[in-house]
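File shown: my_file10.txt. Contents: compact mmCIF, C-alpha atoms.
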```txt
# COMPACT_ATOMS: atom_id res chain seq x y z
CA MET A 720 -7.08 1.92 -8.81
CA LYS A 721 -9.16 4.56 -10.68
CA ARG A 722 -8.01 7.06 -8.09
CA PHE A 723 -4.43 6.72 -9.29
CA LEU A 724 -5.10 6.46 -13.03
CA PRO A 725 -3.93 10.04 -13.83
CA TYR A 726 -0.73 9.41 -11.92
CA CYS A 727 -0.17 6.06 -13.65
CA ILE A 728 -0.42 7.82 -17.04
CA ALA A 729 2.16 10.36 -15.88
CA TRP A 730 4.42 7.52 -14.73
CA LEU A 731 4.22 5.74 -18.08
CA LEU A 732 5.18 8.94 -19.88
CA ALA A 733 8.07 9.42 -17.48
CA LEU A 734 9.18 5.84 -18.05
CA ALA A 735 9.35 6.44 -21.76
CA LEU A 736 11.25 9.70 -21.44
CA ALA A 737 13.37 9.13 -18.34
CA PRO A 738 17.12 9.50 -18.81
CA ALA A 739 19.41 6.86 -17.44
CA LEU A 740 21.41 7.56 -14.31
CA ALA A 741 25.16 8.02 -14.59
CA GLN A 742 25.27 4.24 -14.10
CA PRO A 743 23.50 2.75 -17.15
CA ASP A 744 22.16 -0.26 -15.24
CA VAL A 745 19.70 1.79 -13.16
CA ARG A 746 16.97 4.12 -14.40
CA ARG A 747 15.41 6.84 -12.29
CA LEU A 748 11.88 8.09 -12.77
CA ALA A 749 11.96 11.41 -10.92
CA ASP A 750 9.16 13.32 -9.23
CA LEU A 751 6.27 11.05 -10.09
CA PRO A 752 3.09 12.47 -8.50
CA ASP A 753 1.19 10.57 -5.82
CA GLY A 754 -1.01 13.49 -4.77
CA PRO A 755 -2.04 17.00 -5.84
CA ASP A 756 0.52 18.91 -3.76
CA ALA A 757 3.95 19.66 -5.22
CA ALA A 758 5.53 17.92 -2.22
CA GLN A 759 3.68 14.66 -2.89
CA ARG A 760 6.21 13.17 -5.24
CA MET A 761 8.40 10.08 -5.47
CA ASP A 762 11.49 8.87 -7.29
CA VAL A 763 11.53 5.32 -8.66
CA TYR A 764 14.84 3.53 -9.23
CA LEU A 765 14.54 0.64 -11.67
CA PRO A 766 16.89 -2.26 -12.36
CA PRO A 767 17.20 -3.46 -15.94
CA ASN A 768 14.58 -5.90 -17.18
CA ALA A 769 12.59 -5.95 -13.95
CA HIS A 770 9.92 -8.64 -13.86
CA GLY A 771 8.08 -9.39 -10.64
CA ALA A 772 10.73 -7.46 -8.71
CA PRO A 773 10.36 -6.86 -4.98
CA VAL A 774 9.76 -3.24 -4.00
CA LEU A 775 11.45 -1.27 -1.22
CA VAL A 776 9.76 2.02 -0.31
CA MET A 777 12.00 4.52 1.51
CA VAL A 778 10.72 7.43 3.64
CA HIS A 779 13.35 10.09 4.39
CA GLY A 780 13.83 11.86 7.71
CA GLY A 781 14.31 15.50 8.63
CA ALA A 782 12.59 16.22 11.96
CA TRP A 783 9.19 16.18 10.19
CA MET A 784 10.04 19.70 8.94
CA PHE A 785 12.54 19.22 6.12
CA GLY A 786 14.45 16.57 4.15
CA LYS A 787 14.92 15.40 0.58
CA LYS A 788 13.89 12.17 -1.01
CA ASP A 789 16.96 12.24 -3.31
CA ALA A 790 19.60 13.02 -0.67
CA ALA A 791 22.71 10.88 -1.07
CA SER A 792 22.34 9.47 2.43
CA VAL A 793 18.79 8.40 1.64
CA VAL A 794 19.29 6.63 -1.67
CA ASP A 795 22.85 6.16 -2.94
CA LEU A 796 24.01 3.04 -1.08
CA LYS A 797 20.50 1.61 -1.01
CA VAL A 798 20.34 1.84 -4.81
CA ASP A 799 23.75 0.19 -5.06
CA HIS A 800 22.83 -2.66 -2.74
CA TRP A 801 19.18 -3.38 -3.49
CA VAL A 802 18.56 -2.10 -7.02
CA ARG A 803 21.87 -2.66 -8.72
CA ALA A 804 23.03 -5.78 -6.89
CA GLN A 805 19.74 -7.53 -6.13
CA GLY A 806 17.24 -6.32 -8.71
CA TYR A 807 14.84 -4.54 -6.38
CA ILE A 808 12.78 -1.52 -7.30
CA LEU A 809 13.49 1.29 -4.82
CA VAL A 810 10.93 4.07 -4.40
CA SER A 811 11.95 7.12 -2.36
CA VAL A 812 8.90 9.12 -1.33
CA ALA A 813 8.42 12.71 -0.21
CA TYR A 814 5.67 14.21 1.90
CA ARG A 815 4.43 17.59 3.10
CA PHE A 816 6.15 19.15 6.09
CA VAL A 817 5.14 20.64 9.41
CA PRO A 818 3.76 23.35 9.72
CA GLN A 819 1.96 23.04 6.36
CA VAL A 820 0.42 19.84 7.71
CA ASP A 821 0.51 17.94 10.99
CA VAL A 822 2.17 14.61 11.64
CA MET A 823 -0.99 12.57 11.08
CA GLN A 824 -1.39 14.18 7.67
CA GLN A 825 2.23 13.28 6.94
CA ALA A 826 1.46 9.66 7.75
CA GLN A 827 -1.50 9.88 5.40
CA ASP A 828 0.80 11.29 2.70
CA VAL A 829 3.12 8.31 3.10
CA ALA A 830 0.17 5.91 3.06
CA ARG A 831 -1.10 7.52 -0.13
CA ALA A 832 2.36 7.09 -1.64
CA VAL A 833 2.35 3.41 -0.70
CA ALA A 834 -1.04 3.02 -2.39
CA ALA A 835 0.31 4.74 -5.50
CA VAL A 836 3.36 2.47 -5.54
CA GLN A 837 1.14 -0.59 -5.24
CA ALA A 838 -1.00 0.70 -8.11
CA GLY A 839 2.00 1.43 -10.33
CA ALA A 840 4.35 -1.44 -9.44
CA ALA A 841 3.31 -3.74 -12.27
CA SER A 842 3.95 -1.03 -14.87
CA TRP A 843 7.56 -0.79 -13.61
CA GLY A 844 8.09 -4.56 -13.60
CA GLY A 845 7.49 -4.84 -9.86
CA ASP A 846 5.32 -7.03 -7.66
CA ALA A 847 3.07 -4.98 -5.39
CA GLY A 848 2.68 -8.00 -3.13
CA ARG A 849 6.39 -7.96 -2.32
CA LEU A 850 6.60 -4.49 -0.79
CA VAL A 851 8.67 -3.61 2.27
CA LEU A 852 8.43 -0.17 3.88
CA MET A 853 11.51 1.55 5.33
CA GLY A 854 12.07 4.95 6.95
CA HIS A 855 14.77 6.86 8.81
CA SER A 856 14.35 9.21 11.79
CA ALA A 857 11.08 11.11 11.28
CA GLY A 858 10.45 8.72 8.39
CA ALA A 859 11.01 5.80 10.77
CA HIS A 860 8.34 7.21 13.08
CA LEU A 861 5.88 7.54 10.18
CA VAL A 862 6.64 4.00 9.00
CA ALA A 863 6.19 2.65 12.53
CA LEU A 864 2.91 4.57 12.96
CA LEU A 865 1.44 3.24 9.71
CA SER A 866 2.56 -0.29 10.58
CA ALA A 867 1.21 -0.06 14.13
CA SER A 868 -2.13 1.28 12.94
CA PRO A 869 -2.83 -0.24 9.51
CA GLY A 870 -6.21 1.46 9.33
CA ILE A 871 -4.51 4.77 8.55
CA ALA A 872 -3.04 3.25 5.41
CA ARG A 873 -6.25 1.47 4.44
CA GLN A 874 -8.12 4.77 4.50
CA GLN A 875 -5.69 6.08 1.85
CA GLY A 876 -6.17 3.04 -0.38
CA ALA A 877 -3.04 1.11 0.62
CA GLN A 878 -3.00 -2.66 0.88
CA PRO A 879 -0.97 -4.52 3.53
CA TRP A 880 2.78 -4.75 2.99
CA LEU A 881 5.16 -7.53 3.97
CA GLY A 882 7.16 -5.77 6.66
CA ALA A 883 8.56 -2.48 7.92
CA ILE A 884 12.05 -1.30 8.83
CA ALA A 885 12.30 1.68 11.19
CA LEU A 886 15.78 3.20 11.15
CA ASP A 887 16.39 4.84 14.53
CA SER A 888 13.24 6.59 15.70
CA ALA A 889 13.19 8.16 19.15
CA ALA A 890 9.45 8.87 18.91
CA LEU A 891 8.00 5.37 19.04
CA ASP A 892 6.33 6.33 22.33
CA THR A 893 5.43 9.88 21.35
CA ALA A 894 3.25 10.61 24.34
CA ALA A 895 5.95 9.57 26.82
CA LEU A 896 8.54 11.55 24.86
CA MET A 897 6.47 14.73 25.12
CA GLN A 898 5.93 14.31 28.86
CA ARG A 899 9.62 14.23 29.75
CA ARG A 900 12.44 16.61 29.02
CA HIS A 901 12.91 16.82 25.27
CA LEU A 902 14.41 18.93 22.52
CA PRO A 903 12.38 22.08 21.75
CA PHE A 904 11.73 21.15 18.12
CA TYR A 905 9.42 18.34 19.28
CA ASP A 906 7.03 21.00 20.60
CA ARG A 907 6.85 22.59 17.16
CA VAL A 908 6.17 19.19 15.61
CA PHE A 909 3.78 17.55 18.07
CA GLY A 910 2.19 20.56 19.77
CA SER A 911 0.71 20.57 23.27
CA ASP A 912 -2.37 18.34 23.01
CA PRO A 913 -1.90 14.96 24.78
CA ALA A 914 -4.72 13.46 22.70
CA PHE A 915 -2.80 14.28 19.52
CA TRP A 916 0.42 12.86 20.99
CA ARG A 917 -1.38 9.57 21.56
CA SER A 918 -2.97 9.56 18.10
CA VAL A 919 0.44 9.75 16.38
CA SER A 920 2.29 7.52 18.85
CA PRO A 921 3.06 4.09 17.42
CA THR A 922 2.93 2.69 20.96
CA ASP A 923 -0.51 4.11 21.72
CA ALA A 924 -1.92 3.51 18.23
CA LEU A 925 -0.76 -0.11 18.11
CA ALA A 926 -3.50 -2.44 16.91
CA PRO A 927 -3.59 -6.15 16.06
CA GLY A 928 -2.57 -6.98 12.51
CA ALA A 929 0.69 -5.04 12.38
CA PRO A 930 3.19 -6.38 9.83
CA PRO A 931 6.55 -7.70 11.05
CA MET A 932 8.89 -4.89 12.03
CA LEU A 933 12.65 -4.45 12.31
CA LEU A 934 13.55 -1.64 14.71
CA VAL A 935 17.12 -0.45 14.14
CA CYS A 936 18.48 1.80 16.87
CA SER A 937 21.72 3.65 17.59
CA THR A 938 23.49 2.69 20.81
CA GLN A 939 25.37 6.00 20.57
CA ARG A 940 22.28 8.11 21.21
CA ARG A 941 21.57 9.51 24.66
CA ASP A 942 17.83 9.86 24.28
CA GLY A 943 16.98 6.19 24.68
CA SER A 944 16.03 5.18 21.16
CA CYS A 945 17.07 1.58 21.85
CA THR A 946 15.04 1.51 25.06
CA GLN A 947 12.01 2.76 23.16
CA ALA A 948 12.61 0.20 20.43
CA ALA A 949 12.76 -2.65 22.96
CA GLN A 950 9.62 -1.47 24.75
CA PHE A 951 7.73 -1.05 21.49
CA ALA A 952 8.85 -4.48 20.28
CA ALA A 953 7.53 -6.00 23.49
CA ARG A 954 4.17 -4.29 22.94
CA VAL A 955 4.02 -5.60 19.37
CA THR A 956 4.80 -9.12 20.55
CA ALA A 957 2.11 -8.88 23.23
CA THR A 958 -0.50 -8.19 20.52
CA GLY A 959 0.56 -11.32 18.65
CA GLY A 960 2.80 -9.51 16.18
CA ARG A 961 6.48 -9.78 15.44
CA ALA A 962 9.12 -7.13 16.07
CA GLN A 963 12.89 -7.41 16.20
CA VAL A 964 15.32 -4.86 17.64
CA LEU A 965 18.67 -4.35 15.92
CA PRO A 966 21.03 -2.19 18.03
CA GLU A 967 23.93 -0.74 16.05
CA ASP A 968 27.07 1.07 17.27
CA LEU A 969 26.52 3.81 14.70
CA SER A 970 25.40 7.42 14.93
CA HIS A 971 21.87 8.43 14.03
CA ALA A 972 23.09 9.69 10.64
CA GLN A 973 25.23 6.60 9.99
CA ILE A 974 22.25 4.30 10.62
CA ASN A 975 20.82 5.72 7.41
CA ALA A 976 23.86 6.66 5.35
CA GLU A 977 25.77 3.38 5.84
CA LEU A 978 22.91 1.00 5.18
CA GLY A 979 23.87 -0.81 2.01
CA LEU A 980 27.57 -1.09 2.77
CA PRO A 981 28.88 -4.66 2.96
CA GLY A 982 28.89 -5.91 6.53
CA ALA A 983 26.87 -7.33 9.39
CA TYR A 984 24.42 -4.40 9.58
CA THR A 985 23.27 -4.59 5.97
CA SER A 986 23.25 -8.39 6.16
CA ALA A 987 20.91 -8.26 9.17
CA VAL A 988 18.50 -6.01 7.27
CA ASP A 989 18.70 -8.37 4.28
CA ALA A 990 17.92 -11.29 6.58
CA PHE A 991 14.82 -9.54 7.89
CA ILE A 992 13.59 -8.79 4.38
CA ALA A 993 14.20 -12.41 3.36
CA SER A 994 12.21 -13.58 6.38
CA VAL A 995 9.12 -11.64 5.28
CA ASP A 996 9.53 -12.19 1.53
CA ARG A 997 10.08 -15.88 0.97
CA ARG A 998 9.46 -15.89 -2.75
CA PRO A 999 12.44 -16.83 -4.90
CA ARG A 1000 14.29 -13.96 -6.60
```
Can you turn what I pasted into structure tokens?
Amino acid sequence: MKRFLPYCIAWLLALALAPALAQPDVRRLADLPDGPDAAQRMDVYLPPNAHGAPVLVMVHGGAWMFGKKDAASVVDLKVDHWVRAQGYILVSVAYRFVPQVDVMQQAQDVARAVAAVQAGAASWGGDAGRLVLMGHSAGAHLVALLSASPGIARQQGAQPWLGAIALDSAALDTAALMQRRHLPFYDRVFGSDPAFWRSVSPTDALAPGAPPMLLVCSTQRRDGSCTQAAQFAARVTATGGRAQVLPEDLSHAQINAELGLPGAYTSAVDAFIASVDRRPR
């Protein structure tokens, strides 16, 4: 906790000074620091009068090389559905990009952000014990990696979380991905070292003790994200864990941008969250 004390002080100042969003029922604390680098920042979306609120941490995508934590597709509908309608606290986190850092360091950035959220949750009216981790695309890979290998997060000071939601990752078996025909940008991201591929592969890094996972995948993709999700889920189950695959007839972008709209997809994600967080709201 002492490690995050300077950041907690910054958060409390931001809380006092933060302007309301255009919608007066949600407040946004922007660019709270969770590390020394300018990229290690997070936005916190608060419902009114939060007390013991569950916390949803969102990790944006962007091919590990770009992306924005405040992009409309990342936060808008999720704020509407979880913060405004259900009283959650939503935290959208940023992280450093390749080539400034490698993918393992990105996972460590996300883990550090989770630790900072857990340290600061009570000051926002949240319950750190009711945290669910979610990510899309590259963010889904990072979320799956941290969940598959909880030791990475522990080393950054994070405590276990209730569950993880991976929104359409095609890199759950990173080593296998790199050994077959793939898009050139993966070479820039993962390099040429098979040992590194395995170290950042959720499939290869999988250890006992993983939290429950929901693996959403697009049936419209041609690169086998649903096949990877099913294979990874089977591996999780074989270690005694729990993983559920949710195939959706949506594009890769829609998997992220349409989550929060009324319908069966959002309801299925809600059902997963309810299954891991059984405390009354």
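Distance annotation: of A:His770, A:Arg917, A:His800, A:Arg873, the residue with the minimal separation from A:Ala832 is A:Arg873; atom set is all atoms listed in the file.
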Between atom CA of A:Asp968 and atom CA of A:Gln939, what distance in Å does the model show, to one decimal? 6.2 Å
Which neighbours of A:Leu969 fall inside 7 Å, counting only C-alpha atoms, when residues of the same chain fewer than 3 positions from it are skipped, and could you give them as a list in words?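 Neighbouring residues, sequence-local ones excluded: Ser937, Thr938, Gln939, Gln973 and Ile974 of chain A.
Those residues that approach stretch 896-907 of chain A to within 8 Å, counting only C-alpha atoms, are Ala782, Ala890 and Trp916 of chain A; same-chain residues fewer than 6 positions away are not listed.
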Tell me which of A:Leu965, A:Leu775, A:Leu891, A:Ala813 sits closest to A:Trp801, counting all atoms listed in the file. A:Leu775
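Using only C-alpha atoms, the shortest contact distance between A:Gly858 and any of A:Val988, A:Ala952, A:Ala804, A:Ala826 is found at A:Ala826.
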Could you state the separation of atom CA of A:Ala791 and atom CA of A:Tyr807 in Å, given to one decimal place?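 Computed distance, atom CA of A:Ala791 to atom CA of A:Tyr807, equals 18.1 Å.
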Using only C-alpha atoms, pick whichever of A:Gly870, A:Pro879, A:Gly780, A:Gly910 has the shortest atom-to-atom distance to A:Ala976.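 Comparing A:Gly870, A:Pro879, A:Gly780, A:Gly910 against A:Ala976, the winner is A:Gly780.
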Measure the distance from atom CA of A:Phe816 to atom CA of A:Ser944 in Å and round it to one decimal. 22.8 Å
Which of A:Val995, A:Leu980, A:Ala987, A:Val817 sits closest to A:Arg961 [using all atoms listed in the file]: A:Val995
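Between A:Leu861 and the candidates A:Met823, A:Met761, A:Leu925, A:Leu978, the tightest atom-to-atom separation, counting only C-alpha atoms, involves A:Met823.
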Pick out the residues sitting within 6 Å of stretch 741-758 of chain A, and hand them over as a PyMOL selection string; count all atoms listed in the file, and ignore anything fewer than 4 positions along from it in its own chain. chain A and resi 726+737+762-767+814-815+832+835
Give me a file of those residues, with C-alpha atoms, as a short mmCIF file (atom, residue, chain, number, x, y, z; two decimals), keeping the file's coordinate frame.
```cif
data_model
loop_
_atom_site.label_atom_id
_atom_site.label_comp_id
_atom_site.auth_asym_id
_atom_site.auth_seq_id
_atom_site.Cartn_x
_atom_site.Cartn_y
_atom_site.Cartn_z
CA TYR A 726 -0.73 9.41 -11.92
CA ALA A 737 13.37 9.13 -18.34
CA ASP A 762 11.49 8.87 -7.29
CA VAL A 763 11.53 5.32 -8.66
CA TYR A 764 14.84 3.53 -9.23
CA LEU A 765 14.54 0.64 -11.67
CA PRO A 766 16.89 -2.26 -12.36
CA PRO A 767 17.20 -3.46 -15.94
CA TYR A 814 5.67 14.21 1.90
CA ARG A 815 4.43 17.59 3.10
CA ALA A 832 2.36 7.09 -1.64
CA ALA A 835 0.31 4.74 -5.50
#
```
List the spatial neighbours of A:Ala841 as a list in words - criterion: any atom at most 12 Å away, all atoms listed in the file, same-chain residues fewer than 2 positions off excluded.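 Listing them by chain and then by number gives Cys727, Trp730, Leu731, Ala769, His770, Gly771, Ala772, Pro773, Val774, Ile808, Ala835, Val836, Gln837, Ala838, Gly839, Trp843, Gly844, Gly845, Asp846, Ala847, Gly848, Arg849 and Leu850 of chain A.
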Using the file's own x, y and z axes, so that the box edges lie along x, y and z, what centre and edge lengths in Å (one decimal) does a box around every listed atom of stretch 922-941 of chain A get when 6 Å is added on each side? Give it as AutoDock Vina command-line options.
```
--center_x 10.9 --center_y 0.9 --center_z 17.2 --size_x 41.0 --size_y 29.2 --size_z 26.8
```
Name the residues in contact with stretch 931-933 of chain A at a cut-off of 9 Å, using all atoms listed in the file, excluding same-chain residues fewer than 2 positions from it; report them as a PDB file with C-alpha atoms, keeping the file's coordinate frame.
```pdb
ATOM      1  CA  ALA A 863       6.190   2.650  12.530  1.00  0.00           C
ATOM      2  CA  SER A 866       2.560  -0.290  10.580  1.00  0.00           C
ATOM      3  CA  LEU A 881       5.160  -7.530   3.970  1.00  0.00           C
ATOM      4  CA  GLY A 882       7.160  -5.770   6.660  1.00  0.00           C
ATOM      5  CA  ALA A 883       8.560  -2.480   7.920  1.00  0.00           C
ATOM      6  CA  ILE A 884      12.050  -1.300   8.830  1.00  0.00           C
ATOM      7  CA  ALA A 885      12.300   1.680  11.190  1.00  0.00           C
ATOM      8  CA  LEU A 886      15.780   3.200  11.150  1.00  0.00           C
ATOM      9  CA  ALA A 929       0.690  -5.040  12.380  1.00  0.00           C
ATOM     10  CA  VAL A 935      17.120  -0.450  14.140  1.00  0.00           C
ATOM     11  CA  ALA A 952       8.850  -4.480  20.280  1.00  0.00           C
ATOM     12  CA  VAL A 955       4.020  -5.600  19.370  1.00  0.00           C
ATOM     13  CA  GLY A 960       2.800  -9.510  16.180  1.00  0.00           C
ATOM     14  CA  ARG A 961       6.480  -9.780  15.440  1.00  0.00           C
ATOM     15  CA  ALA A 962       9.120  -7.130  16.070  1.00  0.00           C
ATOM     16  CA  GLN A 963      12.890  -7.410  16.200  1.00  0.00           C
ATOM     17  CA  VAL A 964      15.320  -4.860  17.640  1.00  0.00           C
ATOM     18  CA  LEU A 965      18.670  -4.350  15.920  1.00  0.00           C
ATOM     19  CA  VAL A 988      18.500  -6.010   7.270  1.00  0.00           C
ATOM     20  CA  PHE A 991      14.820  -9.540   7.890  1.00  0.00           C
ATOM     21  CA  VAL A 995       9.120 -11.640   5.280  1.00  0.00           C
TER      22      VAL A 995
END
```
Would you be able to write out as JSON, numbers by chain which residues have an atom within 10 Å of (19.4, 8.8, 0.2) in the file's coordinates, counting all atoms listed in the file? {"A": [777, 778, 779, 780, 787, 788, 789, 790, 791, 792, 793, 794, 795, 796, 797, 798, 811, 855, 975, 976, 978]}
Missing atoms of stretch 886-896 of chain A rebuilt to all heavy atoms, written as an mmCIF file, in the frame of the given file:
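Generated file (part-v5.cif):
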```cif
data_model
loop_
_atom_site.group_PDB
_atom_site.id
_atom_site.type_symbol
_atom_site.label_atom_id
_atom_site.label_comp_id
_atom_site.auth_asym_id
_atom_site.auth_seq_id
_atom_site.Cartn_x
_atom_site.Cartn_y
_atom_site.Cartn_z
ATOM 1 N N LEU A 886 14.375 2.903 10.929
ATOM 2 C CA LEU A 886 15.780 3.200 11.150
ATOM 3 C C LEU A 886 15.925 4.323 12.170
ATOM 4 O O LEU A 886 15.882 5.496 11.847
ATOM 5 C CB LEU A 886 16.449 3.593 9.818
ATOM 6 C CG LEU A 886 16.366 2.564 8.683
ATOM 7 C CD1 LEU A 886 16.992 3.129 7.408
ATOM 8 C CD2 LEU A 886 17.034 1.256 9.090
ATOM 9 N N ASP A 887 16.006 3.962 13.429
ATOM 10 C CA ASP A 887 16.390 4.840 14.530
ATOM 11 C C ASP A 887 15.397 5.969 14.779
ATOM 12 O O ASP A 887 15.718 7.153 14.636
ATOM 13 C CB ASP A 887 17.794 5.403 14.312
ATOM 14 C CG ASP A 887 18.450 5.824 15.634
ATOM 15 O OD1 ASP A 887 18.175 5.173 16.651
ATOM 16 O OD2 ASP A 887 19.229 6.781 15.632
ATOM 17 N N SER A 888 14.213 5.599 15.228
ATOM 18 C CA SER A 888 13.240 6.590 15.700
ATOM 19 C C SER A 888 13.331 6.698 17.207
ATOM 20 O O SER A 888 13.406 5.685 17.913
ATOM 21 C CB SER A 888 11.814 6.175 15.317
ATOM 22 O OG SER A 888 10.879 6.995 15.975
ATOM 23 N N ALA A 889 13.274 7.927 17.710
ATOM 24 C CA ALA A 889 13.190 8.160 19.150
ATOM 25 C C ALA A 889 11.789 8.604 19.547
ATOM 26 O O ALA A 889 11.585 9.109 20.656
ATOM 27 C CB ALA A 889 14.207 9.216 19.576
ATOM 28 N N ALA A 890 10.823 8.432 18.655
ATOM 29 C CA ALA A 890 9.450 8.870 18.910
ATOM 30 C C ALA A 890 8.462 7.714 18.809
ATOM 31 O O ALA A 890 7.291 7.921 18.478
ATOM 32 C CB ALA A 890 9.060 9.989 17.950
ATOM 33 N N LEU A 891 8.901 6.511 19.103
ATOM 34 C CA LEU A 891 8.000 5.370 19.040
ATOM 35 C C LEU A 891 6.947 5.437 20.145
ATOM 36 O O LEU A 891 5.838 4.943 19.971
ATOM 37 C CB LEU A 891 8.795 4.061 19.143
ATOM 38 C CG LEU A 891 9.750 3.789 17.975
ATOM 39 C CD1 LEU A 891 10.616 2.575 18.272
ATOM 40 C CD2 LEU A 891 8.978 3.601 16.673
ATOM 41 N N ASP A 892 7.294 6.038 21.282
ATOM 42 C CA ASP A 892 6.330 6.330 22.330
ATOM 43 C C ASP A 892 6.232 7.855 22.416
ATOM 44 O O ASP A 892 6.838 8.500 23.268
ATOM 45 C CB ASP A 892 6.756 5.733 23.668
ATOM 46 C CG ASP A 892 5.648 5.795 24.713
ATOM 47 O OD1 ASP A 892 4.715 6.611 24.536
ATOM 48 O OD2 ASP A 892 5.715 5.043 25.697
ATOM 49 N N THR A 893 5.473 8.419 21.499
ATOM 50 C CA THR A 893 5.430 9.880 21.350
ATOM 51 C C THR A 893 4.878 10.554 22.588
ATOM 52 O O THR A 893 5.384 11.599 23.025
ATOM 53 C CB THR A 893 4.585 10.250 20.123
ATOM 54 O OG1 THR A 893 4.982 9.438 19.012
ATOM 55 C CG2 THR A 893 4.770 11.706 19.761
ATOM 56 N N ALA A 894 3.840 9.987 23.169
ATOM 57 C CA ALA A 894 3.250 10.610 24.340
ATOM 58 C C ALA A 894 4.238 10.656 25.503
ATOM 59 O O ALA A 894 4.366 11.684 26.179
ATOM 60 C CB ALA A 894 1.985 9.856 24.748
ATOM 61 N N ALA A 895 4.956 9.570 25.744
ATOM 62 C CA ALA A 895 5.950 9.570 26.820
ATOM 63 C C ALA A 895 7.076 10.551 26.524
ATOM 64 O O ALA A 895 7.572 11.244 27.422
ATOM 65 C CB ALA A 895 6.495 8.153 27.015
ATOM 66 N N LEU A 896 7.487 10.614 25.260
ATOM 67 C CA LEU A 896 8.540 11.550 24.860
ATOM 68 C C LEU A 896 8.146 12.984 25.218
ATOM 69 O O LEU A 896 8.952 13.756 25.755
ATOM 70 C CB LEU A 896 8.776 11.431 23.350
ATOM 71 C CG LEU A 896 9.598 12.534 22.682
ATOM 72 C CD1 LEU A 896 11.045 12.478 23.134
ATOM 73 C CD2 LEU A 896 9.515 12.413 21.157
#
```
